[in-house]
$ cat upload-v8.cif   # mmCIF, C-alpha atoms and all ligand atoms
data_my_file
#
loop_
_atom_site.label_atom_id
_atom_site.label_comp_id
_atom_site.auth_asym_id
_atom_site.auth_seq_id
_atom_site.Cartn_x
_atom_site.Cartn_y
_atom_site.Cartn_z
CA MET Y 63 -33.66 -9.52 -1.01
CA ALA Y 64 -32.30 -6.98 1.49
CA GLN Y 65 -30.99 -3.78 -0.03
CA MET Y 66 -28.13 -1.53 1.08
CA HIS Y 67 -26.37 1.60 -0.16
CA ALA Y 68 -23.06 1.16 -1.94
CA ALA Y 69 -20.55 2.78 -4.27
CA VAL Y 70 -21.26 0.99 -7.54
CA VAL Y 71 -19.04 0.94 -10.62
CA THR Y 72 -21.18 0.50 -13.73
CA SER Y 73 -18.53 1.56 -16.27
CA PHE Y 74 -14.73 1.41 -15.97
CA ASP Y 75 -14.59 4.93 -17.45
CA GLU Y 76 -16.69 6.55 -14.72
CA PRO Y 77 -16.36 7.01 -10.98
CA PRO Y 78 -18.62 4.81 -8.83
CA HIS Y 79 -22.16 6.06 -8.17
CA TYR Y 80 -23.84 5.95 -4.77
CA GLN Y 81 -26.92 3.77 -5.21
CA GLN Y 82 -28.95 0.88 -3.86
CA PHE Y 83 -27.52 -2.59 -4.25
CA GLU Y 84 -28.48 -6.04 -3.12
CA ALA Y 85 -26.90 -6.83 0.27
CA PRO Y 86 -24.64 -9.90 0.11
CA GLN Y 87 -25.58 -13.03 2.02
CA PRO Y 88 -23.06 -14.99 4.07
CA SER Y 89 -22.64 -18.68 3.33
CA GLY Y 90 -20.70 -21.27 5.31
CA ASP Y 91 -19.09 -20.98 8.74
CA ASP Y 92 -16.23 -18.76 7.59
CA GLU Y 93 -18.40 -15.89 6.36
CA THR Y 94 -20.14 -13.18 8.29
CA LEU Y 95 -21.90 -9.95 7.30
CA VAL Y 96 -20.63 -6.79 9.00
CA ASP Y 97 -21.66 -3.15 9.16
CA VAL Y 98 -18.92 -1.21 7.41
CA LEU Y 99 -17.57 1.68 9.53
CA ALA Y 100 -14.74 3.11 7.40
CA VAL Y 101 -13.06 2.29 4.04
CA GLY Y 102 -9.82 3.72 2.64
CA LEU Y 103 -9.74 5.04 -0.92
CA HIS Y 104 -6.31 3.62 -1.79
CA PRO Y 105 -4.58 3.76 -5.20
CA ARG Y 106 -5.16 0.00 -5.50
CA VAL Y 107 -8.92 0.61 -5.11
CA ARG Y 108 -8.89 3.16 -7.93
CA THR Y 109 -6.95 0.73 -10.17
CA GLY Y 110 -9.45 -2.05 -9.43
CA ALA Y 111 -12.45 0.23 -10.08
CA ALA Y 112 -10.91 1.13 -13.45
CA GLY Y 113 -10.64 -2.60 -14.31
CA LYS Y 114 -6.85 -2.31 -14.43
CA HIS Y 115 -5.61 -4.37 -11.47
CA TYR Y 116 -4.08 -7.79 -12.08
CA THR Y 117 -6.88 -9.36 -10.03
CA SER Y 118 -9.63 -7.60 -12.07
CA THR Y 119 -12.25 -9.92 -13.57
CA GLY Y 120 -13.76 -7.32 -15.92
CA LYS Y 121 -17.24 -8.02 -14.52
CA LEU Y 122 -19.68 -5.14 -13.90
CA PRO Y 123 -21.41 -3.83 -11.87
CA MET Y 124 -18.90 -4.04 -9.05
CA ILE Y 125 -18.43 -2.51 -5.62
CA PRO Y 126 -14.87 -1.23 -5.08
CA GLY Y 127 -12.97 -1.40 -1.79
CA ILE Y 128 -10.31 -3.90 -0.76
CA ASP Y 129 -10.32 -3.54 3.01
CA ALA Y 130 -12.29 -1.82 5.76
CA VAL Y 131 -13.08 -1.50 9.41
CA GLY Y 132 -16.42 -3.13 10.26
CA ARG Y 133 -18.62 -4.04 13.20
CA ARG Y 134 -19.60 -7.67 13.66
CA PRO Y 135 -23.11 -8.66 14.79
CA ASP Y 136 -21.69 -9.20 18.33
CA GLY Y 137 -20.52 -5.56 18.40
CA THR Y 138 -16.76 -6.16 18.09
CA ARG Y 139 -14.86 -4.04 15.60
CA ILE Y 140 -12.58 -5.68 13.09
CA TYR Y 141 -10.17 -4.73 10.35
CA PHE Y 142 -10.54 -7.03 7.36
CA VAL Y 143 -9.26 -7.55 3.85
CA ALA Y 144 -11.93 -8.37 1.28
CA ASP Y 145 -11.84 -11.61 -0.64
CA ASP Y 146 -10.87 -11.00 -4.29
CA HIS Y 147 -14.00 -12.85 -5.40
CA ALA Y 148 -16.48 -11.08 -3.11
CA ALA Y 149 -18.15 -7.69 -3.47
CA GLY Y 150 -15.97 -4.79 -2.28
CA THR Y 151 -16.20 -2.88 0.97
CA MET Y 152 -17.57 0.52 -0.13
CA ALA Y 153 -21.08 -0.24 1.09
CA ASP Y 154 -23.23 -0.22 4.21
CA LYS Y 155 -22.50 -3.90 4.63
CA ALA Y 156 -19.79 -6.30 3.52
CA LEU Y 157 -19.05 -9.99 3.63
CA VAL Y 158 -16.06 -10.95 5.73
CA ASP Y 159 -14.10 -14.16 5.58
CA VAL Y 160 -13.25 -14.53 9.26
CA ARG Y 161 -9.83 -15.88 8.26
CA ARG Y 162 -9.03 -12.47 6.73
CA ALA Y 163 -9.97 -10.35 9.73
CA ILE Y 164 -8.45 -9.21 13.02
CA GLU Y 165 -10.22 -7.82 16.05
CA LEU Y 166 -9.37 -4.22 16.91
CA PRO Y 167 -8.44 -3.10 20.42
CA ASP Y 168 -10.95 -0.89 22.25
CA GLY Y 169 -10.56 2.80 21.62
CA VAL Y 170 -8.60 2.57 18.38
CA ASP Y 171 -9.59 5.25 15.84
CA VAL Y 172 -11.37 3.45 12.98
CA ALA Y 173 -10.66 6.17 10.39
CA LYS Y 174 -6.93 6.04 11.21
CA VAL Y 175 -6.89 2.26 10.77
CA ALA Y 176 -8.87 2.40 7.51
CA ALA Y 177 -6.53 5.07 6.13
CA ALA Y 178 -3.24 3.59 7.22
CA MET Y 179 -3.33 -0.19 7.05
CA ASN Y 180 -3.01 -0.60 3.28
CA PRO Y 181 -0.16 1.86 2.67
CA ALA Y 182 1.61 0.84 5.90
CA MET Y 183 1.42 -2.91 5.46
CA SER Y 184 3.39 -2.84 2.20
CA ALA Y 185 6.68 -1.96 3.88
CA TRP Y 186 5.81 -3.58 7.22
CA VAL Y 187 5.21 -6.99 5.66
CA ALA Y 188 8.10 -6.58 3.20
CA LEU Y 189 10.57 -5.85 5.99
CA ARG Y 190 9.23 -8.50 8.34
CA ARG Y 191 8.40 -11.33 5.92
CA ARG Y 192 10.08 -10.90 2.53
CA VAL Y 193 13.45 -9.61 3.65
CA PRO Y 194 13.45 -9.44 7.45
CA LEU Y 195 15.32 -6.25 8.32
CA GLN Y 196 18.30 -6.78 10.60
CA PRO Y 197 18.83 -3.94 13.07
CA GLY Y 198 21.60 -1.70 11.81
CA GLN Y 199 20.96 -2.33 8.11
CA SER Y 200 20.27 0.53 5.73
CA VAL Y 201 17.32 1.05 3.44
CA LEU Y 202 16.51 3.12 0.36
CA VAL Y 203 12.84 3.98 -0.20
CA LEU Y 204 12.40 4.69 -3.90
CA GLY Y 205 9.28 6.81 -4.39
CA ALA Y 206 9.14 7.94 -0.80
CA THR Y 207 6.89 10.98 -1.20
CA GLY Y 208 3.51 9.20 -1.27
CA ASN Y 209 1.67 7.83 1.73
CA ALA Y 210 3.12 4.32 1.44
CA GLY Y 211 6.63 5.69 0.82
CA ARG Y 212 6.54 8.06 3.78
CA MET Y 213 5.29 5.24 5.98
CA ALA Y 214 8.01 2.94 4.64
CA VAL Y 215 10.55 5.41 6.02
CA GLN Y 216 8.81 5.26 9.40
CA VAL Y 217 8.53 1.45 9.27
CA ALA Y 218 12.22 0.99 8.43
CA LYS Y 219 13.23 3.23 11.31
CA ARG Y 220 10.81 1.54 13.69
CA LEU Y 221 12.21 -1.88 12.76
CA GLY Y 222 15.74 -0.79 13.50
CA ALA Y 223 17.28 0.53 10.28
CA ALA Y 224 20.43 2.51 10.97
CA THR Y 225 20.06 4.67 7.89
CA VAL Y 226 17.07 5.37 5.68
CA VAL Y 227 17.45 7.21 2.40
CA GLY Y 228 14.26 8.66 0.88
CA ALA Y 229 14.13 9.32 -2.87
CA GLY Y 230 11.26 11.09 -4.63
CA ARG Y 231 10.46 13.69 -7.24
CA ASP Y 232 8.40 16.25 -5.34
CA ALA Y 233 10.84 18.58 -3.56
CA LYS Y 234 8.46 19.78 -0.85
CA ARG Y 235 7.18 16.32 0.07
CA LEU Y 236 10.72 15.02 -0.06
CA ALA Y 237 11.94 17.65 2.40
CA ALA Y 238 9.09 16.70 4.77
CA LEU Y 239 10.50 13.16 5.03
CA THR Y 240 13.19 14.31 7.44
CA SER Y 241 10.52 14.63 10.13
CA ALA Y 242 9.43 11.04 9.33
CA GLY Y 243 12.95 9.82 10.11
CA ALA Y 244 14.79 9.91 6.76
CA ASP Y 245 18.53 10.39 7.23
CA GLU Y 246 19.27 11.37 3.65
CA LEU Y 247 17.18 12.59 0.75
CA VAL Y 248 17.68 12.23 -3.00
CA ALA Y 249 15.72 14.31 -5.50
CA LEU Y 250 14.68 12.32 -8.58
CA THR Y 251 14.89 14.90 -11.36
CA ASP Y 252 14.81 14.89 -15.17
CA ASP Y 253 18.60 15.14 -15.15
CA ASP Y 254 19.47 11.42 -15.30
CA GLU Y 255 23.17 11.86 -14.73
CA ALA Y 256 22.83 14.12 -11.71
CA THR Y 257 20.13 11.86 -10.23
CA GLY Y 258 22.31 8.77 -10.76
CA ARG Y 259 25.26 10.47 -9.06
CA ALA Y 260 23.11 11.57 -6.14
CA LEU Y 261 21.63 8.09 -5.72
CA GLY Y 262 25.07 6.51 -5.90
CA ALA Y 263 26.46 8.92 -3.31
CA ALA Y 264 23.60 8.50 -0.85
CA ALA Y 265 22.48 4.90 -1.33
CA ALA Y 266 25.20 2.76 -2.95
CA GLU Y 267 25.80 0.87 0.29
CA VAL Y 268 22.19 0.16 1.31
CA ASP Y 269 21.12 -3.40 2.10
CA ILE Y 270 17.48 -3.15 1.02
CA VAL Y 271 15.50 -1.08 -1.49
CA ILE Y 272 11.75 -0.65 -1.05
CA ASP Y 273 10.54 0.30 -4.52
CA TYR Y 274 7.19 2.00 -5.18
CA LEU Y 275 8.13 3.33 -8.63
CA TRP Y 276 9.43 0.72 -11.09
CA GLY Y 277 9.67 1.87 -14.74
CA LYS Y 278 12.45 4.25 -15.83
CA PRO Y 279 13.36 5.55 -12.34
CA THR Y 280 14.04 1.98 -11.20
CA GLU Y 281 16.10 1.11 -14.28
CA ARG Y 282 18.29 4.12 -13.56
CA ALA Y 283 18.48 3.50 -9.83
CA ILE Y 284 19.57 -0.13 -10.15
CA MET Y 285 22.52 0.77 -12.35
CA ALA Y 286 23.40 3.85 -10.28
CA LEU Y 287 23.58 1.82 -7.07
CA LEU Y 288 25.44 -1.13 -8.55
CA THR Y 289 27.99 1.06 -10.30
CA ALA Y 290 28.82 2.97 -7.13
CA ARG Y 291 28.70 -0.02 -4.73
CA SER Y 292 32.04 -0.77 -3.04
CA ASP Y 293 31.46 -4.54 -2.73
CA ARG Y 294 29.05 -5.75 -5.37
CA SER Y 295 29.02 -9.29 -3.97
CA ARG Y 296 27.32 -8.00 -0.83
CA ALA Y 297 23.59 -8.72 -1.08
CA LEU Y 298 21.33 -5.95 -2.33
CA ASP Y 299 17.69 -6.92 -1.76
CA TRP Y 300 15.33 -5.03 -4.06
CA ILE Y 301 11.68 -5.33 -3.05
CA GLN Y 302 9.23 -4.32 -5.77
CA ILE Y 303 6.01 -2.98 -4.22
CA GLY Y 304 4.42 -0.32 -6.45
CA ALA Y 305 4.60 0.56 -10.13
CA ILE Y 306 3.61 4.22 -10.12
CA ALA Y 307 6.23 5.13 -12.72
CA GLY Y 308 5.71 2.19 -15.09
CA PRO Y 309 4.69 -1.47 -15.28
CA THR Y 310 7.95 -2.84 -16.71
CA ILE Y 311 11.71 -2.28 -16.60
CA GLU Y 312 14.56 -3.14 -18.93
CA LEU Y 313 17.24 -4.90 -16.89
CA PRO Y 314 20.68 -5.50 -18.42
CA SER Y 315 21.74 -9.08 -17.72
CA VAL Y 316 25.05 -7.78 -16.41
CA ALA Y 317 23.21 -6.27 -13.45
CA LEU Y 318 22.46 -9.80 -12.25
CA ARG Y 319 25.87 -11.29 -13.13
CA SER Y 320 28.11 -8.58 -11.78
CA ALA Y 321 26.40 -8.06 -8.46
CA ASN Y 322 24.48 -9.88 -5.76
CA LEU Y 323 21.20 -8.25 -6.75
CA ARG Y 324 18.16 -10.11 -5.44
CA LEU Y 325 14.84 -9.02 -6.90
CA GLN Y 326 11.50 -9.91 -5.39
CA GLY Y 327 8.11 -8.35 -4.86
CA ASN Y 328 5.69 -7.88 -2.02
CA GLY Y 329 1.92 -7.99 -2.47
CA GLN Y 330 -1.11 -10.23 -2.73
CA GLY Y 331 0.24 -13.59 -3.77
CA ALA Y 332 3.88 -13.06 -2.85
CA VAL Y 333 3.06 -13.47 0.84
CA SER Y 334 0.36 -15.82 2.12
CA THR Y 335 -2.84 -14.49 3.65
CA GLU Y 336 -1.89 -16.18 6.95
CA ALA Y 337 1.45 -14.38 7.03
CA TYR Y 338 -0.21 -11.02 6.29
CA LEU Y 339 -2.80 -11.57 9.00
CA ALA Y 340 -0.15 -12.50 11.54
CA GLU Y 341 1.53 -9.11 11.01
CA LEU Y 342 -1.56 -6.94 11.26
CA PRO Y 343 -2.14 -6.72 15.05
CA SER Y 344 1.32 -5.30 15.68
CA LEU Y 345 0.82 -2.86 12.81
CA VAL Y 346 -2.49 -1.68 14.31
CA ASP Y 347 -0.61 -0.98 17.56
CA GLU Y 348 1.94 1.17 15.69
CA ILE Y 349 -0.81 3.08 13.87
CA ASP Y 350 -2.71 3.57 17.11
CA ALA Y 351 0.45 4.86 18.79
CA GLY Y 352 1.12 7.20 15.85
CA THR Y 353 4.62 5.84 15.10
CA ILE Y 354 3.40 4.99 11.58
CA ALA Y 355 0.94 7.59 10.45
CA VAL Y 356 -1.24 9.02 7.73
CA ARG Y 357 -4.01 11.58 8.38
CA PRO Y 358 -7.47 10.26 7.48
CA ASN Y 359 -9.83 12.53 5.57
CA PRO Y 360 -13.31 11.15 6.36
CA VAL Y 361 -15.98 11.67 3.68
CA PRO Y 362 -19.57 10.33 3.69
CA LEU Y 363 -19.94 7.31 1.40
CA ALA Y 364 -22.86 9.16 -0.23
CA ASP Y 365 -20.26 11.63 -1.61
CA VAL Y 366 -18.09 8.91 -3.21
CA GLU Y 367 -18.52 10.23 -6.75
CA GLU Y 368 -17.12 13.63 -5.86
CA ALA Y 369 -14.39 12.20 -3.59
CA TRP Y 370 -13.19 9.91 -6.37
CA SER Y 371 -11.89 12.70 -8.55
CA ARG Y 372 -10.32 14.71 -5.70
CA PRO Y 373 -6.65 13.81 -5.15
CA ASP Y 374 -5.56 13.38 -1.54
CA ALA Y 375 -3.64 16.27 0.01
CA PRO Y 376 -0.07 15.24 0.96
CA GLY Y 377 0.03 12.97 4.00
CA THR Y 378 -3.73 12.33 3.95
CA ARG Y 379 -5.96 9.51 2.74
CA THR Y 380 -9.67 9.73 1.92
CA VAL Y 381 -11.74 7.42 4.11
CA LEU Y 382 -15.36 6.76 3.09
CA VAL Y 383 -17.81 6.48 5.96
CA PRO Y 384 -21.18 4.75 5.29
N1 LIG L 401 2.11 -4.25 -2.97
C1 LIG L 401 1.50 -3.74 -1.92
O1 LIG L 401 1.28 -4.42 -0.93
C2 LIG L 401 1.08 -2.30 -1.92
C3 LIG L 401 0.44 -1.76 -0.80
C4 LIG L 401 0.16 -0.38 -0.80
C5 LIG L 401 0.46 0.40 -1.92
N2 LIG L 401 1.04 -0.20 -3.01
C6 LIG L 401 1.37 0.58 -4.21
O2 LIG L 401 2.34 1.55 -3.87
C7 LIG L 401 2.17 2.70 -4.65
C8 LIG L 401 2.09 3.94 -3.76
O3 LIG L 401 0.92 3.90 -2.98
P1 LIG L 401 0.53 5.12 -2.04
O4 LIG L 401 -0.57 4.67 -1.18
O5 LIG L 401 1.74 5.73 -1.43
O6 LIG L 401 0.02 6.19 -3.13
P2 LIG L 401 -0.05 7.78 -2.99
O7 LIG L 401 -0.19 8.19 -1.58
O8 LIG L 401 -1.06 8.21 -3.99
O9 LIG L 401 1.39 8.28 -3.46
C9 LIG L 401 1.86 8.14 -4.74
C10 LIG L 401 3.13 9.00 -4.87
O10 LIG L 401 3.82 8.63 -6.03
C11 LIG L 401 4.53 9.74 -6.50
N3 LIG L 401 4.83 9.54 -7.92
C12 LIG L 401 3.97 9.35 -8.93
N4 LIG L 401 4.64 9.17 -10.10
C13 LIG L 401 5.96 9.25 -9.78
C14 LIG L 401 7.17 9.16 -10.55
N5 LIG L 401 7.14 8.96 -11.88
N6 LIG L 401 8.34 9.30 -9.90
C15 LIG L 401 8.38 9.55 -8.56
N7 LIG L 401 7.27 9.64 -7.79
C16 LIG L 401 6.08 9.50 -8.40
C17 LIG L 401 3.61 10.91 -6.24
O11 LIG L 401 4.42 12.00 -5.98
P3 LIG L 401 4.29 13.43 -6.70
O12 LIG L 401 3.94 14.35 -5.60
O13 LIG L 401 5.62 13.63 -7.27
O14 LIG L 401 3.21 13.34 -7.76
C18 LIG L 401 2.87 10.48 -4.97
O15 LIG L 401 3.46 11.10 -3.86
C19 LIG L 401 0.93 2.46 -5.50
O16 LIG L 401 1.35 1.97 -6.75
C20 LIG L 401 0.19 1.39 -4.73
O17 LIG L 401 -0.65 0.62 -5.56
C21 LIG L 401 1.36 -1.51 -3.01
#
$ encode --input "upload-v8.cif" --output "structure tokens"
Amino acid sequence: MAQMHAAVVTSFDEPPHYQQFEAPQPSGDDETLVDVLAVGLHPRVRTGAAGKHYTSTGKLPMIPGIDAVGRRPDGTRIYFVADDHAAGTMADKALVDVRRAIELPDGVDVAKVAAAMNPAMSAWVALRRRVPLQPGQSVLVLGATGNAGRMAVQVAKRLGAATVVGAGRDAKRLAALTSAGADELVALTDDDEATGRALGAAAAEVDIVIDYLWGKPTERAIMALLTARSDRSRALDWIQIGAIAGPTIELPSVALRSANLRLQGNGQGAVSTEAYLAELPSLVDEIDAGTIAVRPNPVPLADVEEAWSRPDAPGTRTVLVP
């Protein structure tokens, strides 16, 4: 059996180790083996490697990595999303289901694509497929200070939002959102009342909320917006995307009876693979043009263990390079 180098998780309590692993073998017409060129170390990858994602099977050893840029045997470069049931992408080689891959244009920076696609596609797909944004609408990004949140601000603006409100807890990162296109900023602080008032003042009239937080901040934000909204029968589309602040919320039934609040999520399962794939080429163009951006921080795959425990600097994403 052919061997390759890979990041290998042998215990959910430890970072992956760089070691030899059996190279996967393609089977059927839809599978091909590619050389991996760059892999993003996204929060979702960390959750999976800790056995805590909703798709986790609990089986070990496992190779983490949910997407990557790779080179096909014919030399073309592709961006692909790994099959949930296949080995991950943090390896010299990875199996690709050709139905989950798109070809990349010549000259596109592979590290930029590997860093940006996952955080960018959350808002891009949400605002194109879940609740198609109508030009002139307004958007609140709840939890806007992370990579996905900052890009959600850029995506909303790019897709024609008239007003984008960014809300987050880190004052410095929040202030930096103005340069990403945010029209208004709301600091999420420990003072619930002041935060509720600020959210109500800045975002009561938004059409869409892109929510990366969930948990307590979302509970508070829903009530703050509905209480301050001038016409509660006007639709408020709340798109759940991340759960950084907590896995559940308590939602008073009155929130659903007294307002036109429409709750839905965006992620694997909520949108079909075909629909995701159809959106990716235009997103690559935006990333290539720099309109939707995160700075890649390339690190050799051999250093995965060390990279794992190093948090990304603001606005950057670690990209492992085999
Ligand atoms: N469904 C999808 O398709 C999809 C796709 C991509 C990402 N996601 C999810 O979206 C989330 C964000 O991803 P990311 O790539 O942006 O991660 P990231 O770059 O690591 O950013 C996370 C941000 O969350 C902030 N944060 C953490 N706890 C918070 C809290 N209690 N209140 C307010 N802010 C808080 C942090 O800000 P501080 O500076 O304040 O610590 C940090 O800036 C993750 O949960 C990820 O899994 C979902």
$ closest_residue --input "upload-v8.cif" --among "Y:Lys174, Y:Asp374, Y:Ile272, Y:Pro105" --to "Ala351 (chain Y)" --atoms "all atoms listed in the file"
Y:Lys174
$ residues_around --input "upload-v8.cif" --residues "Val70 (chain Y)" --least-positions-apart "6" --cutoff "10 Å" --atoms "all atoms listed in the file" --output "PyMOL selection string"
chain Y and resi 77-83+111+122-126+150+152-153+366-367
$ atom_distance --input "upload-v8.cif" --atom1 "CA of Ala238 (chain Y)" --atom2 "CA of Glu255 (chain Y)"
24.5 Å
$ residues_near_ligand --input "upload-v8.cif" --ligand "ligand LIG 401 (chain L)" --cutoff "6 Å" --atoms "all atoms listed in the file" --output "list in words"
His104, Pro105, Arg106, Asn180, Pro181, Ser184, Gly205, Thr207, Gly208, Asn209, Ala210, Gly211, Gly230, Arg231, Asp232, Tyr274, Ile303, Gly304, Ala305, Ile306, Ala307, Asn328 and Gly329 of chain Y
$ write_last_selection --input "upload-v8.cif" --atoms "C-alpha atoms" --output "short mmCIF file (atom, residue, chain, number, x, y, z; two decimals), in the frame of the given file"
data_model
loop_
_atom_site.label_atom_id
_atom_site.label_comp_id
_atom_site.auth_asym_id
_atom_site.auth_seq_id
_atom_site.Cartn_x
_atom_site.Cartn_y
_atom_site.Cartn_z
CA HIS Y 104 -6.31 3.62 -1.79
CA PRO Y 105 -4.58 3.76 -5.20
CA ARG Y 106 -5.16 0.00 -5.50
CA ASN Y 180 -3.01 -0.60 3.28
CA PRO Y 181 -0.16 1.86 2.67
CA SER Y 184 3.39 -2.84 2.20
CA GLY Y 205 9.28 6.81 -4.39
CA THR Y 207 6.89 10.98 -1.20
CA GLY Y 208 3.51 9.20 -1.27
CA ASN Y 209 1.67 7.83 1.73
CA ALA Y 210 3.12 4.32 1.44
CA GLY Y 211 6.63 5.69 0.82
CA GLY Y 230 11.26 11.09 -4.63
CA ARG Y 231 10.46 13.69 -7.24
CA ASP Y 232 8.40 16.25 -5.34
CA TYR Y 274 7.19 2.00 -5.18
CA ILE Y 303 6.01 -2.98 -4.22
CA GLY Y 304 4.42 -0.32 -6.45
CA ALA Y 305 4.60 0.56 -10.13
CA ILE Y 306 3.61 4.22 -10.12
CA ALA Y 307 6.23 5.13 -12.72
CA ASN Y 328 5.69 -7.88 -2.02
CA GLY Y 329 1.92 -7.99 -2.47
#
$ closest_residue --input "upload-v8.cif" --among "Y:Asp136, Y:Asp129, Y:Asp350, Y:Asp293" --to "Val381 (chain Y)" --atoms "all atoms listed in the file"
Y:Asp129
$ atom_distance --input "upload-v8.cif" --atom1 "CA of Leu247 (chain Y)" --atom2 "CA of Val217 (chain Y)"
16.5 Å
$ closest_residue --input "upload-v8.cif" --among "Y:Met213, Y:Val227, Y:Ala369, Y:Ile284" --to "Trp186 (chain Y)" --atoms "all atoms listed in the file"
Y:Met213
$ closest_residue --input "upload-v8.cif" --among "Y:Thr257, Y:Gln87, Y:Ser320, Y:Gln196" --to "Arg294 (chain Y)" --atoms "all atoms listed in the file"
Y:Ser320
$ residues_around --input "upload-v8.cif" --residues "Pro373 (chain Y)" --least-positions-apart "5" --cutoff "12 Å" --atoms "all atoms listed in the file" --output "PyMOL selection string"
chain Y and resi 103-105+108+208+359+368+378-380
$ residues_around --input "upload-v8.cif" --residues "Val175 (chain Y)" --least-positions-apart "5" --cutoff "9 Å" --atoms "all atoms listed in the file" --output "PDB file with C-alpha atoms, keeping the file's coordinate frame"
ATOM      1  CA  ALA Y 100     -14.740   3.110   7.400  1.00  0.00           C
ATOM      2  CA  GLY Y 102      -9.820   3.720   2.640  1.00  0.00           C
ATOM      3  CA  ALA Y 130     -12.290  -1.820   5.760  1.00  0.00           C
ATOM      4  CA  VAL Y 131     -13.080  -1.500   9.410  1.00  0.00           C
ATOM      5  CA  TYR Y 141     -10.170  -4.730  10.350  1.00  0.00           C
ATOM      6  CA  VAL Y 170      -8.600   2.570  18.380  1.00  0.00           C
ATOM      7  CA  ASN Y 180      -3.010  -0.600   3.280  1.00  0.00           C
ATOM      8  CA  VAL Y 346      -2.490  -1.680  14.310  1.00  0.00           C
ATOM      9  CA  ILE Y 349      -0.810   3.080  13.870  1.00  0.00           C
ATOM     10  CA  ASP Y 350      -2.710   3.570  17.110  1.00  0.00           C
ATOM     11  CA  PRO Y 358      -7.470  10.260   7.480  1.00  0.00           C
TER      12      PRO Y 358
END
$ axis_aligned_box --input "upload-v8.cif" --around "region 134-142 of chain Y" --padding-each-side "3 Å" --output "JSON"
{"center_x": -16.6, "center_y": -6.6, "center_z": 12.9, "size_x": 18.9, "size_y": 11.2, "size_z": 17.0}
$ residues_around --input "upload-v8.cif" --residues "Gly110 (chain Y)" --least-positions-apart "5" --cutoff "9 Å" --atoms "all atoms listed in the file" --output "VMD selection string"
chain Y and resid 105 115 to 118 126 to 128
$ closest_residue --input "upload-v8.cif" --among "Y:Arg212, Y:Arg134, Y:Arg161, Y:Arg259" --to "Tyr338 (chain Y)" --atoms "all atoms listed in the file"
Y:Arg161
$ atom_distance --input "upload-v8.cif" --atom1 "CA of Ala290 (chain Y)" --atom2 "CA of Ala233 (chain Y)"
24.1 Å
$ closest_residue --input "upload-v8.cif" --among "Y:Met285, Y:Val248, Y:Leu157, Y:Val193" --to "Asp269 (chain Y)" --atoms "only C-alpha atoms"
Y:Val193
$ residues_around --input "upload-v8.cif" --residues "Ala242 (chain Y)" --least-positions-apart "6" --cutoff "12 Å" --atoms "all atoms listed in the file" --output "list in words"
Ala206, Thr207, Asn209, Gly211, Arg212, Met213, Ala214, Val215, Gln216, Val217, Ala218, Lys219, Arg220, Val226, Val227, Gly228, Arg235, Leu236, Gly352, Thr353, Ile354, Ala355, Val356 and Gly377 of chain Y
$ write_last_selection --input "upload-v8.cif" --atoms "C-alpha atoms" --output "compact mmCIF listing (two decimals), in the frame of the given file"
# COMPACT_ATOMS: atom_id res chain seq x y z
CA ALA Y 206 9.14 7.94 -0.80
CA THR Y 207 6.89 10.98 -1.20
CA ASN Y 209 1.67 7.83 1.73
CA GLY Y 211 6.63 5.69 0.82
CA ARG Y 212 6.54 8.06 3.78
CA MET Y 213 5.29 5.24 5.98
CA ALA Y 214 8.01 2.94 4.64
CA VAL Y 215 10.55 5.41 6.02
CA GLN Y 216 8.81 5.26 9.40
CA VAL Y 217 8.53 1.45 9.27
CA ALA Y 218 12.22 0.99 8.43
CA LYS Y 219 13.23 3.23 11.31
CA ARG Y 220 10.81 1.54 13.69
CA VAL Y 226 17.07 5.37 5.68
CA VAL Y 227 17.45 7.21 2.40
CA GLY Y 228 14.26 8.66 0.88
CA ARG Y 235 7.18 16.32 0.07
CA LEU Y 236 10.72 15.02 -0.06
CA GLY Y 352 1.12 7.20 15.85
CA THR Y 353 4.62 5.84 15.10
CA ILE Y 354 3.40 4.99 11.58
CA ALA Y 355 0.94 7.59 10.45
CA VAL Y 356 -1.24 9.02 7.73
CA GLY Y 377 0.03 12.97 4.00
